[in-house]
2 protein chains.
Amino acid sequence: MLAEIITIGDELLIGQVIDTNSAFIAKQLNKIGVSVYQITSIQDDKQQILEALKAAERRVDIIICTGGLGPTKDDITKKTIAEYFNDILVKSDVVLKNIEDIWKQHVGTKLLQVNKDQALIPSKSHPLRNKLGTAPGIWIEKSEKVFISLPGVPYEMKALIDDEVIPKLKTKYKCPFILHKTMLVYGIGESALAAKIEDWENNLPKHIKLAYLPNLGKMRLRLSAKGNSEALIKREVAEQINKLIPLIKEEYAGVEDEDGAVEVIIAKQLLQLGCTLAVAESCTGGALAQCFTQHSGASAIFKGGLVTYATQSKIDILKVSKLDIEKYSVVSSSVAEAMAAQTRRMFKTDYAIATTGNAGPEKGDSNAEVGTVVIAIATKTKVYSQEFNFGNSRLKVITKAINKALEMLLKEIFKN
Amino acid sequence: MLAEIITIGDELLIGQVIDTNSAFIAKQLNKIGVSVYQITSIQDDKQQILEALKAAERRVDIIICTGGLGPTKDDITKKTIAEYFNDILVKSDVVLKNIEDIWKQHVGTKLLQVNKDQALIPSKSHPLRNKLGTAPGIWIEKSEKVFISLPGVPYEMKALIDDEVIPKLKTKYKCPFILHKTMLVYGIGESALAAKIEDWENNLPKHIKLAYLPNLGKMRLRLSAKGNSEALIKREVAEQINKLIPLIKEEYAGVEDEDGAVEVIIAKQLLQLGCTLAVAESCTGGALAQCFTQHSGASAIFKGGLVTYATQSKIDILKVSKLDIEKYSVVSSSVAEAMAAQTRRMFKTDYAIATTGNAGPEKGDSNAEVGTVVIAIATKTKVYSQEFNFGNSRLKVITKAINKALEMLLKEIFKN
């Protein structure tokens, strides 16, 4: 069963908004055995929408559009879809009722005509209930194909996918089982890794595909398989992973969680160990804390963090020695280790990570080269650090520093 | 002049990776007057790549592909492009030299054959120098059309776009001028705003397009115009903005910076006022600090932050009164205001923002409903706070809290 995602909106084509909807939809479709063949982003333009629908209908079974369902003049998806099906828009009482309920609950003022008009849907369509907004989703079947149109606002779209689209697709189609397993690998380049596992890769069964996903010091190695028997697919992939791990035992860090994040693996391990964590950040500026706090349940292991961005705040708040800063510079092992040790004490945690560095583009309070980052880890029994140079692009330096800090912590908590 | 971006990689179609490359490329193309007509994401599959190239060639003048240029077996873009042009791959000495230099600088070990093979490029192509990686960009002209293939690793792709692609496109084509101006609007819904500015919108000249971009409590209103005279386009758009602002003077917060962020407007204003900022975060968990620190030059105005995620850390580190927490709960005005005031003192700043709340999905240390967030602002002369409920989706609560905190600070520093 193949799907195409069509995201509609000028903001995507001028680069003002990054399309995050497609990845979410693709992930949810994969879980029920639907593969996404293509993702197409187009402008709010009638001709383009019509052409994209036609091309997608030739290629796939399920077409999911997002965007262009708002109440304003730039939103034309719904009437264009009606035109595509030689259909007219008719008022849906059930949709109008939902709009009135949402309006009463969230806005309170008198319902405007433009919002009432959002209850118009193609006569051949079934409405999908949007419990978070006034734009309904719509579902149209044509022969064996399904056309679905959803609002582009991410949280409305997500609720519609989970509550309406996925259950309906599962009822309509019998799909194969798709499995992705992603191994986290650290400290080796793409080509060196490929050379190391060449024989294993060449002997993979045809229906199990391998992909290399390098990303700033972190490598993900993904196995994807598809088949009718869930049990068989799971067993086959597990067997391949068991063969792979001994080949890369130095570099292997674990199987990535389904939610795709190494910090989730770390959080689970900390929870199991009954341990807690705090962070002190300079160059990473809050991003490391956010890595952990974005996931629900973080409070069980993450006690808090400090962003001591200014040098003075490292002295005032983290009690880093001013003399050490003068002697070794603010980007140094001495400072990073003091930050980690003091943070661990302040938050009364088992572990603390500290980052100090210069993300650029200009040299800051230290003489360290742009890209220099020192990362320290404090545990109950020791404090240690490593110095790196992560190049001269600001966001790259920040991302590499986070990846490396997570790698260091991962190794620390798994070796115990 | 029209372009299409084709992003290639199975990881995009299974939702493992969000395509951030397209938005960057689209933004850079817009700056030199090239419009992006479509973005297409496809798998690492020969037939799909060939079909996408063919379809794009019919639609546009400039085709930019990213991805699939790595040294491993799953990377097939280069040889597929050669096939598309009935071409063969030949060794480029200048590319090989670049690969050897990069290898020596970043890896140090002996160059592997798979990396040497990255110096093979279609005979009809010109290489584009990748100064950050071993995969060369390639540029092929066919009649008046240009085909460009770039690596998918974002920072390598970005450097190639800025250093190679944009300068070459500017030399080859004479393009019109494209202008986007985005106004930030707070505290009004999409349809109420549309009703308020309806007359103005109806009287916009045909070549100036309006778009509404609602996003979790923040609204962006974008004007886009295209024409041959940069001066004329700029004057016309400025005139429209001048007519618009009086209509929405209550809700209008400023023209969004070209880099697209309200925190950049805040940082500029703080710099101009000679003022500094610190933050204390509970439910936003580091994300508010990161908002500011992701931009270069942040250290001039941002002194640091605290992530007091655990209730105990609010007491230990921020000296919030334990009695107040017991009396008013940890999600309360009293606690938020104490956090902001103490943070301002600790970091010796002019302003401080504090957030405390429950992002869900479960109730935490307080009895506050999931979604309840209190945001406080401390200035030299006062401390105040507001309580909100941002619903029951964790990421939505965090994002809305950040948007609201930025809005409150924006209003505070611009009213002085």
# chains A, B, ... in the order shown; residues from 1 in each chain; ligands from 1
>>> residues_around(residues="segment 46-57 of chain B", least_positions_apart="6", cutoff="7 Å", atoms="only C-alpha atoms", output="VMD selection string")
chain B and resid 4 63 80 84
>>> calpha_fit_and_write(fixed="chain A", moving="chain B", output="tab-separated table (two decimals) with C-alpha atoms, in the first residue's frame")
chain	number	residue	atom	x	y	z
B	1	MET	CA	-0.04	-0.01	0.03
B	2	LEU	CA	1.54	3.26	-1.11
B	3	ALA	CA	0.84	6.81	-0.01
B	4	GLU	CA	1.81	10.28	-1.16
B	5	ILE	CA	1.85	13.32	1.09
B	6	ILE	CA	1.08	16.68	-0.51
B	7	THR	CA	1.85	19.68	1.68
B	8	ILE	CA	0.28	22.90	0.45
B	9	GLY	CA	1.37	26.41	1.36
B	10	ASP	CA	3.42	29.27	-0.09
B	11	GLU	CA	5.31	29.48	3.23
B	12	LEU	CA	6.93	26.10	2.46
B	13	LEU	CA	8.10	27.15	-1.00
B	14	ILE	CA	9.70	30.40	0.15
B	15	GLY	CA	11.47	28.61	3.01
B	16	GLN	CA	9.65	30.47	5.76
B	17	VAL	CA	8.34	27.28	7.36
B	18	ILE	CA	10.02	23.87	7.51
B	19	ASP	CA	7.67	21.02	6.64
B	20	THR	CA	7.54	18.94	9.81
B	21	ASN	CA	4.10	17.50	9.02
B	22	SER	CA	5.34	15.05	6.41
B	23	ALA	CA	7.79	13.28	8.70
B	24	PHE	CA	5.12	12.82	11.35
B	25	ILE	CA	2.58	11.47	8.88
B	26	ALA	CA	5.16	9.16	7.26
B	27	LYS	CA	6.10	7.72	10.64
B	28	GLN	CA	2.49	7.03	11.59
B	29	LEU	CA	1.72	5.47	8.19
B	30	ASN	CA	4.78	3.21	8.44
B	31	LYS	CA	3.53	1.85	11.75
B	32	ILE	CA	0.43	0.44	10.04
B	33	GLY	CA	2.34	-0.91	7.04
B	34	VAL	CA	1.76	1.94	4.58
B	35	SER	CA	4.87	3.14	2.71
B	36	VAL	CA	5.24	6.75	1.61
B	37	TYR	CA	6.31	6.84	-2.04
B	38	GLN	CA	6.71	10.59	-2.42
B	39	ILE	CA	6.28	13.88	-0.57
B	40	THR	CA	5.30	16.87	-2.68
B	41	SER	CA	5.20	20.48	-1.47
B	42	ILE	CA	3.34	22.99	-3.60
B	43	GLN	CA	2.01	26.53	-3.48
B	44	ASP	CA	-1.54	27.63	-2.64
B	45	ASP	CA	-2.34	27.61	-6.35
B	46	LYS	CA	-5.37	25.96	-7.94
B	47	GLN	CA	-3.60	24.63	-11.02
B	48	GLN	CA	-0.72	23.23	-8.99
B	49	ILE	CA	-3.01	21.49	-6.54
B	50	LEU	CA	-5.04	19.92	-9.38
B	51	GLU	CA	-1.87	18.70	-11.12
B	52	ALA	CA	-0.37	17.32	-7.93
B	53	LEU	CA	-3.56	15.40	-7.13
B	54	LYS	CA	-3.65	13.94	-10.64
B	55	ALA	CA	-0.01	12.88	-10.56
B	56	ALA	CA	-0.35	11.37	-7.09
B	57	GLU	CA	-3.50	9.45	-8.08
B	58	ARG	CA	-1.49	7.75	-10.84
B	59	ARG	CA	1.30	6.77	-8.43
B	60	VAL	CA	-0.29	5.72	-5.14
B	61	ASP	CA	-3.35	4.41	-3.29
B	62	ILE	CA	-3.61	6.94	-0.47
B	63	ILE	CA	-3.20	10.70	-0.93
B	64	ILE	CA	-2.91	12.89	2.16
B	65	CYS	CA	-2.92	16.67	1.73
B	66	THR	CA	-2.17	19.15	4.49
B	67	GLY	CA	-2.66	22.91	4.52
B	68	GLY	CA	-4.84	25.51	2.91
B	69	LEU	CA	-7.99	24.82	4.98
B	70	GLY	CA	-8.00	28.04	7.02
B	71	PRO	CA	-10.80	30.63	6.93
B	72	THR	CA	-8.86	33.28	5.00
B	73	LYS	CA	-8.67	34.10	1.30
B	74	ASP	CA	-5.29	32.45	0.76
B	75	ASP	CA	-6.74	29.05	1.71
B	76	ILE	CA	-8.07	27.33	-1.39
B	77	THR	CA	-7.46	23.61	-0.88
B	78	LYS	CA	-11.04	22.60	-0.08
B	79	LYS	CA	-12.70	24.21	-3.06
B	80	THR	CA	-9.93	22.96	-5.34
B	81	ILE	CA	-10.47	19.40	-4.12
B	82	ALA	CA	-14.20	19.80	-4.80
B	83	GLU	CA	-13.33	20.91	-8.33
B	84	TYR	CA	-11.01	17.92	-8.77
B	85	PHE	CA	-13.93	15.60	-8.02
B	86	ASN	CA	-16.45	17.66	-10.05
B	87	ASP	CA	-18.19	18.21	-6.76
B	88	ILE	CA	-19.81	21.08	-4.90
B	89	LEU	CA	-19.37	22.27	-1.31
B	90	VAL	CA	-22.32	21.63	1.02
B	91	LYS	CA	-22.87	22.56	4.63
B	92	SER	CA	-22.18	19.76	7.12
B	93	ASP	CA	-24.25	20.13	10.30
B	94	VAL	CA	-21.94	17.91	12.30
B	95	VAL	CA	-18.94	20.04	11.31
B	96	LEU	CA	-20.81	23.26	12.10
B	97	LYS	CA	-21.69	21.91	15.54
B	98	ASN	CA	-17.99	21.13	16.17
B	99	ILE	CA	-16.96	24.63	15.05
B	100	GLU	CA	-19.55	26.22	17.35
B	101	ASP	CA	-18.35	24.11	20.29
B	102	ILE	CA	-14.71	24.98	19.72
B	103	TRP	CA	-15.51	28.65	19.25
B	104	LYS	CA	-17.50	28.76	22.47
B	105	GLN	CA	-14.74	27.01	24.40
B	106	HIS	CA	-11.69	28.87	23.07
B	107	VAL	CA	-12.83	32.22	21.73
B	108	GLY	CA	-16.13	33.15	23.32
B	109	THR	CA	-17.11	35.97	20.97
B	110	LYS	CA	-19.77	35.69	18.26
B	111	LEU	CA	-18.97	33.13	15.55
B	112	LEU	CA	-17.86	34.89	12.35
B	113	GLN	CA	-19.28	34.05	8.91
B	114	VAL	CA	-15.84	32.96	7.61
B	115	ASN	CA	-15.68	30.36	10.36
B	116	LYS	CA	-19.25	29.19	9.71
B	117	ASP	CA	-18.14	28.69	6.11
B	118	GLN	CA	-15.54	26.22	7.33
B	119	ALA	CA	-18.46	23.80	7.74
B	120	LEU	CA	-18.74	23.57	3.94
B	121	ILE	CA	-17.27	20.30	2.64
B	122	PRO	CA	-17.40	18.47	-0.72
B	123	SER	CA	-20.71	16.57	-0.98
B	124	LYS	CA	-18.88	13.32	-1.78
B	125	SER	CA	-16.66	13.58	1.32
B	126	HIS	CA	-16.92	12.44	4.92
B	127	PRO	CA	-15.79	14.95	7.53
B	128	LEU	CA	-13.03	13.99	9.98
B	129	ARG	CA	-13.50	15.65	13.35
B	130	ASN	CA	-10.90	18.27	14.26
B	131	LYS	CA	-11.21	18.50	18.02
B	132	LEU	CA	-8.57	21.25	18.26
B	133	GLY	CA	-9.56	23.69	15.53
B	134	THR	CA	-12.28	24.91	13.22
B	135	ALA	CA	-10.98	23.39	9.96
B	136	PRO	CA	-12.45	19.90	9.42
B	137	GLY	CA	-10.46	17.08	7.88
B	138	ILE	CA	-12.09	15.48	4.84
B	139	TRP	CA	-12.00	11.92	3.48
B	140	ILE	CA	-13.05	11.07	-0.08
B	141	GLU	CA	-12.98	7.61	-1.65
B	142	LYS	CA	-12.69	7.06	-5.38
B	143	SER	CA	-12.61	3.44	-6.58
B	144	GLU	CA	-10.04	1.83	-4.28
B	145	LYS	CA	-8.18	5.07	-3.60
B	146	VAL	CA	-8.53	7.44	-0.67
B	147	PHE	CA	-8.00	11.21	-0.69
B	148	ILE	CA	-7.57	12.89	2.69
B	149	SER	CA	-7.26	16.61	3.35
B	150	LEU	CA	-6.08	17.90	6.73
B	151	PRO	CA	-5.30	21.32	8.22
B	152	GLY	CA	-1.64	22.34	8.12
B	153	VAL	CA	-1.43	23.47	11.77
B	154	PRO	CA	0.80	20.70	13.17
B	155	TYR	CA	-1.02	19.85	16.40
B	156	GLU	CA	-4.43	19.82	14.70
B	157	MET	CA	-3.04	17.64	11.90
B	158	LYS	CA	-1.42	15.25	14.39
B	159	ALA	CA	-4.60	14.71	16.38
B	160	LEU	CA	-6.53	14.08	13.15
B	161	ILE	CA	-3.94	11.55	11.94
B	162	ASP	CA	-3.95	9.65	15.23
B	163	ASP	CA	-7.65	9.81	16.06
B	164	GLU	CA	-9.28	9.66	12.63
B	165	VAL	CA	-7.02	8.82	9.69
B	166	ILE	CA	-4.99	5.88	11.06
B	167	PRO	CA	-8.01	4.00	12.53
B	168	LYS	CA	-9.98	4.44	9.29
B	169	LEU	CA	-7.05	3.31	7.11
B	170	LYS	CA	-6.53	0.24	9.31
B	171	THR	CA	-10.17	-0.70	8.84
B	172	LYS	CA	-10.10	-0.19	5.09
B	173	TYR	CA	-6.82	-1.85	4.11
B	174	LYS	CA	-4.94	-5.00	5.06
B	175	CYS	CA	-1.31	-3.89	5.13
B	176	PRO	CA	2.03	-5.70	5.49
B	177	PHE	CA	4.24	-5.20	8.53
B	178	ILE	CA	7.04	-2.62	8.28
B	179	LEU	CA	9.90	-2.62	10.77
B	180	HIS	CA	12.72	-0.08	11.16
B	181	LYS	CA	15.50	-0.61	13.68
B	182	THR	CA	18.18	2.02	14.06
B	183	MET	CA	21.50	1.38	15.73
B	184	LEU	CA	23.47	4.25	17.22
B	185	VAL	CA	27.15	4.19	16.38
B	186	TYR	CA	29.78	6.62	17.64
B	187	GLY	CA	33.36	7.49	16.86
B	188	ILE	CA	33.67	6.13	13.31
B	189	GLY	CA	33.20	7.66	9.87
B	190	GLU	CA	30.74	6.47	7.24
B	191	SER	CA	33.27	4.86	4.90
B	192	ALA	CA	35.34	3.22	7.64
B	193	LEU	CA	32.14	1.76	9.08
B	194	ALA	CA	31.05	0.53	5.64
B	195	ALA	CA	34.41	-1.20	5.16
B	196	LYS	CA	34.16	-2.83	8.57
B	197	ILE	CA	30.71	-4.35	7.98
B	198	GLU	CA	30.98	-4.98	4.24
B	199	ASP	CA	30.64	-8.79	4.39
B	200	TRP	CA	27.67	-8.58	6.71
B	201	GLU	CA	26.02	-5.94	4.48
B	202	ASN	CA	26.56	-8.03	1.34
B	203	ASN	CA	24.89	-11.01	3.00
B	204	LEU	CA	21.74	-9.18	4.09
B	205	PRO	CA	18.56	-10.80	2.73
B	206	LYS	CA	17.03	-8.87	-0.20
B	207	HIS	CA	14.00	-7.71	1.82
B	208	ILE	CA	16.13	-6.11	4.56
B	209	LYS	CA	17.55	-2.73	3.51
B	210	LEU	CA	20.46	-0.94	5.17
B	211	ALA	CA	20.93	2.85	5.34
B	212	TYR	CA	23.74	5.01	6.75
B	213	LEU	CA	22.65	8.24	8.43
B	214	PRO	CA	25.68	10.31	9.47
B	215	ASN	CA	24.98	13.44	11.51
B	216	LEU	CA	27.66	15.58	13.11
B	217	GLY	CA	29.62	13.01	15.07
B	218	LYS	CA	26.76	10.59	15.54
B	219	MET	CA	26.01	7.82	13.06
B	220	ARG	CA	22.73	5.98	12.72
B	221	LEU	CA	22.58	2.67	10.91
B	222	ARG	CA	19.06	1.70	9.94
B	223	LEU	CA	17.67	-1.68	8.97
B	224	SER	CA	14.26	-1.63	7.28
B	225	ALA	CA	12.19	-4.71	6.49
B	226	LYS	CA	8.71	-5.36	5.18
B	227	GLY	CA	6.68	-8.58	5.14
B	228	ASN	CA	3.41	-10.22	5.97
B	229	SER	CA	4.43	-11.89	9.21
B	230	GLU	CA	5.26	-9.50	12.03
B	231	ALA	CA	6.88	-12.30	14.06
B	232	LEU	CA	9.09	-13.43	11.18
B	233	ILE	CA	10.21	-9.90	10.27
B	234	LYS	CA	11.06	-9.14	13.88
B	235	ARG	CA	13.06	-12.37	14.24
B	236	GLU	CA	14.98	-11.83	10.99
B	237	VAL	CA	15.94	-8.25	11.85
B	238	ALA	CA	16.96	-9.26	15.39
B	239	GLU	CA	19.18	-11.99	13.94
B	240	GLN	CA	20.92	-9.49	11.67
B	241	ILE	CA	21.46	-7.08	14.55
B	242	ASN	CA	22.94	-9.89	16.62
B	243	LYS	CA	25.40	-10.63	13.83
B	244	LEU	CA	26.24	-6.94	13.42
B	245	ILE	CA	26.93	-5.93	17.01
B	246	PRO	CA	30.11	-8.02	17.49
B	247	LEU	CA	31.56	-6.38	14.37
B	248	ILE	CA	31.20	-2.88	15.81
B	249	LYS	CA	31.37	-3.52	19.52
B	250	GLU	CA	33.72	-0.58	20.12
B	251	GLU	CA	31.49	1.92	18.36
B	252	TYR	CA	28.02	0.53	19.09
B	253	ALA	CA	25.96	2.55	21.57
B	254	GLY	CA	22.54	0.95	21.46
B	255	VAL	CA	19.36	0.53	19.44
B	256	GLU	CA	17.72	3.85	19.05
B	257	ASP	CA	14.35	4.16	20.68
B	258	GLU	CA	11.32	4.22	18.43
B	259	ASP	CA	11.00	7.92	19.26
B	260	GLY	CA	14.39	8.42	17.74
B	261	ALA	CA	16.50	9.94	20.44
B	262	VAL	CA	19.64	8.96	22.32
B	263	GLU	CA	18.54	11.05	25.30
B	264	VAL	CA	15.56	8.73	25.67
B	265	ILE	CA	17.92	5.76	25.95
B	266	ILE	CA	19.90	7.70	28.55
B	267	ALA	CA	16.77	8.65	30.50
B	268	LYS	CA	15.61	5.02	30.60
B	269	GLN	CA	18.98	3.81	31.83
B	270	LEU	CA	19.14	6.53	34.52
B	271	LEU	CA	15.64	5.59	35.66
B	272	GLN	CA	16.67	1.96	35.88
B	273	LEU	CA	19.79	2.86	37.86
B	274	GLY	CA	17.70	5.14	40.10
B	275	CYS	CA	20.00	8.02	39.19
B	276	THR	CA	19.47	11.70	38.39
B	277	LEU	CA	21.08	14.31	36.18
B	278	ALA	CA	21.72	18.05	36.01
B	279	VAL	CA	23.49	20.12	33.37
B	280	ALA	CA	25.54	23.31	33.23
B	281	GLU	CA	25.72	24.90	29.82
B	282	SER	CA	27.72	27.66	28.31
B	283	CYS	CA	28.00	27.34	24.53
B	284	THR	CA	25.09	24.91	24.20
B	285	GLY	CA	22.92	27.59	25.82
B	286	GLY	CA	19.96	25.54	27.10
B	287	ALA	CA	19.80	23.11	24.21
B	288	LEU	CA	21.18	20.22	26.25
B	289	ALA	CA	18.60	20.71	29.01
B	290	GLN	CA	15.91	20.93	26.38
B	291	CYS	CA	17.04	17.61	24.88
B	292	PHE	CA	15.86	15.93	28.07
B	293	THR	CA	12.91	18.14	29.03
B	294	GLN	CA	11.18	17.88	25.67
B	295	HIS	CA	10.24	14.29	26.54
B	296	SER	CA	7.45	13.57	28.97
B	297	GLY	CA	8.51	11.96	32.22
B	298	ALA	CA	11.81	13.89	32.19
B	299	SER	CA	11.29	15.08	35.75
B	300	ALA	CA	11.97	11.57	37.07
B	301	ILE	CA	15.63	11.84	36.11
B	302	PHE	CA	16.32	15.46	35.16
B	303	LYS	CA	16.59	17.83	38.10
B	304	GLY	CA	17.56	20.99	36.31
B	305	GLY	CA	20.27	23.01	34.69
B	306	LEU	CA	22.18	26.22	34.55
B	307	VAL	CA	22.90	28.31	31.51
B	308	THR	CA	25.93	30.27	32.66
B	309	TYR	CA	26.40	32.06	29.39
B	310	ALA	CA	28.33	35.05	30.68
B	311	THR	CA	31.70	34.43	32.31
B	312	GLN	CA	30.60	36.43	35.36
B	313	SER	CA	27.66	34.11	35.91
B	314	LYS	CA	30.05	31.15	36.03
B	315	ILE	CA	31.79	32.90	38.90
B	316	ASP	CA	28.69	34.26	40.67
B	317	ILE	CA	26.40	31.30	40.38
B	318	LEU	CA	28.62	28.29	39.79
B	319	LYS	CA	31.41	29.50	42.06
B	320	VAL	CA	34.02	28.77	39.43
B	321	SER	CA	37.33	30.20	40.62
B	322	LYS	CA	38.10	33.55	39.01
B	323	LEU	CA	41.79	32.73	39.27
B	324	ASP	CA	41.29	29.49	37.33
B	325	ILE	CA	39.42	31.36	34.62
B	326	GLU	CA	42.26	33.85	34.35
B	327	LYS	CA	44.92	31.14	34.48
B	328	TYR	CA	43.37	28.50	32.22
B	329	SER	CA	40.74	30.58	30.28
B	330	VAL	CA	37.00	30.13	30.47
B	331	VAL	CA	37.16	27.41	27.82
B	332	SER	CA	39.31	24.90	29.69
B	333	SER	CA	39.16	21.52	31.41
B	334	SER	CA	39.59	23.21	34.72
B	335	VAL	CA	36.52	25.41	34.26
B	336	ALA	CA	34.37	22.69	32.66
B	337	GLU	CA	35.15	20.27	35.48
B	338	ALA	CA	34.44	22.87	38.15
B	339	MET	CA	31.11	23.63	36.45
B	340	ALA	CA	30.13	19.96	36.37
B	341	ALA	CA	31.17	19.23	39.94
B	342	GLN	CA	29.41	22.28	41.35
B	343	THR	CA	26.26	21.66	39.33
B	344	ARG	CA	26.09	18.09	40.67
B	345	ARG	CA	26.33	19.47	44.20
B	346	MET	CA	23.82	22.28	43.67
B	347	PHE	CA	21.16	20.04	42.18
B	348	LYS	CA	22.08	17.06	44.42
B	349	THR	CA	22.21	14.66	41.47
B	350	ASP	CA	24.21	11.54	40.67
B	351	TYR	CA	25.54	12.90	37.39
B	352	ALA	CA	26.18	16.30	35.89
B	353	ILE	CA	27.36	17.37	32.45
B	354	ALA	CA	28.95	20.73	31.70
B	355	THR	CA	29.79	22.40	28.41
B	356	THR	CA	31.97	25.44	27.88
B	357	GLY	CA	33.17	26.60	24.52
B	358	ASN	CA	33.08	29.12	21.78
B	359	ALA	CA	30.44	28.48	19.14
B	360	GLY	CA	31.51	31.50	17.12
B	361	PRO	CA	31.37	33.23	14.77
B	362	GLU	CA	33.64	35.47	16.87
B	363	LYS	CA	35.99	34.75	19.71
B	364	GLY	CA	34.22	35.44	22.98
B	365	ASP	CA	35.48	35.85	26.52
B	366	SER	CA	38.38	33.46	25.98
B	367	ASN	CA	41.18	33.14	23.51
B	368	ALA	CA	40.02	29.68	22.48
B	369	GLU	CA	39.69	29.13	18.73
B	370	VAL	CA	36.14	29.31	17.40
B	371	GLY	CA	34.71	25.79	17.64
B	372	THR	CA	36.64	24.77	20.75
B	373	VAL	CA	34.37	23.05	23.26
B	374	VAL	CA	35.25	21.33	26.54
B	375	ILE	CA	32.75	18.84	27.94
B	376	ALA	CA	32.96	17.56	31.49
B	377	ILE	CA	31.13	14.81	33.35
B	378	ALA	CA	30.85	14.63	37.11
B	379	THR	CA	29.85	11.43	38.90
B	380	LYS	CA	29.78	10.47	42.57
B	381	THR	CA	33.40	9.39	42.40
B	382	LYS	CA	35.08	11.44	39.71
B	383	VAL	CA	35.11	14.40	37.35
B	384	TYR	CA	36.66	14.28	33.89
B	385	SER	CA	36.59	16.24	30.67
B	386	GLN	CA	37.54	16.20	27.02
B	387	GLU	CA	38.39	19.04	24.65
B	388	PHE	CA	37.17	19.15	21.04
B	389	ASN	CA	37.15	21.40	18.04
B	390	PHE	CA	33.86	21.26	16.20
B	391	GLY	CA	34.62	23.62	13.32
B	392	ASN	CA	33.43	27.11	12.56
B	393	SER	CA	29.70	26.98	11.90
B	394	ARG	CA	27.74	28.08	14.98
B	395	LEU	CA	24.82	25.66	14.75
B	396	LYS	CA	27.15	22.82	13.81
B	397	VAL	CA	29.33	23.48	16.86
B	398	ILE	CA	26.28	23.52	19.15
B	399	THR	CA	24.83	20.33	17.64
B	400	LYS	CA	28.16	18.48	17.71
B	401	ALA	CA	28.70	19.53	21.33
B	402	ILE	CA	25.29	18.14	22.28
B	403	ASN	CA	25.88	14.88	20.39
B	404	LYS	CA	29.27	14.46	22.04
B	405	ALA	CA	27.96	15.28	25.52
B	406	LEU	CA	25.21	12.69	25.10
B	407	GLU	CA	27.74	10.15	23.82
B	408	MET	CA	30.02	10.72	26.83
B	409	LEU	CA	27.14	10.36	29.27
B	410	LEU	CA	25.81	7.29	27.46
B	411	LYS	CA	29.19	5.59	27.75
B	412	GLU	CA	29.50	6.59	31.40
B	413	ILE	CA	26.15	5.23	32.52
B	414	PHE	CA	26.24	2.04	30.47
B	415	LYS	CA	29.68	0.97	31.63
B	416	ASN	CA	28.51	0.73	35.23
>>> select_by_dssp(residues="segment 104-267 of chain A", states="helix (DSSP H, G or I)", output="VMD selection string")
chain A and resid 104 to 106 113 to 119 154 to 172 190 to 196 198 to 202 230 to 248 262 to 267
>>> select_by_dssp(residues="segment 14-261 of chain B", states="strand (DSSP E)", output="PyMOL selection string")
chain B and resi 35-42+62-66+89-91+120-122+126-128+137-142+145-150+177-186+208-215+218-227+252-255
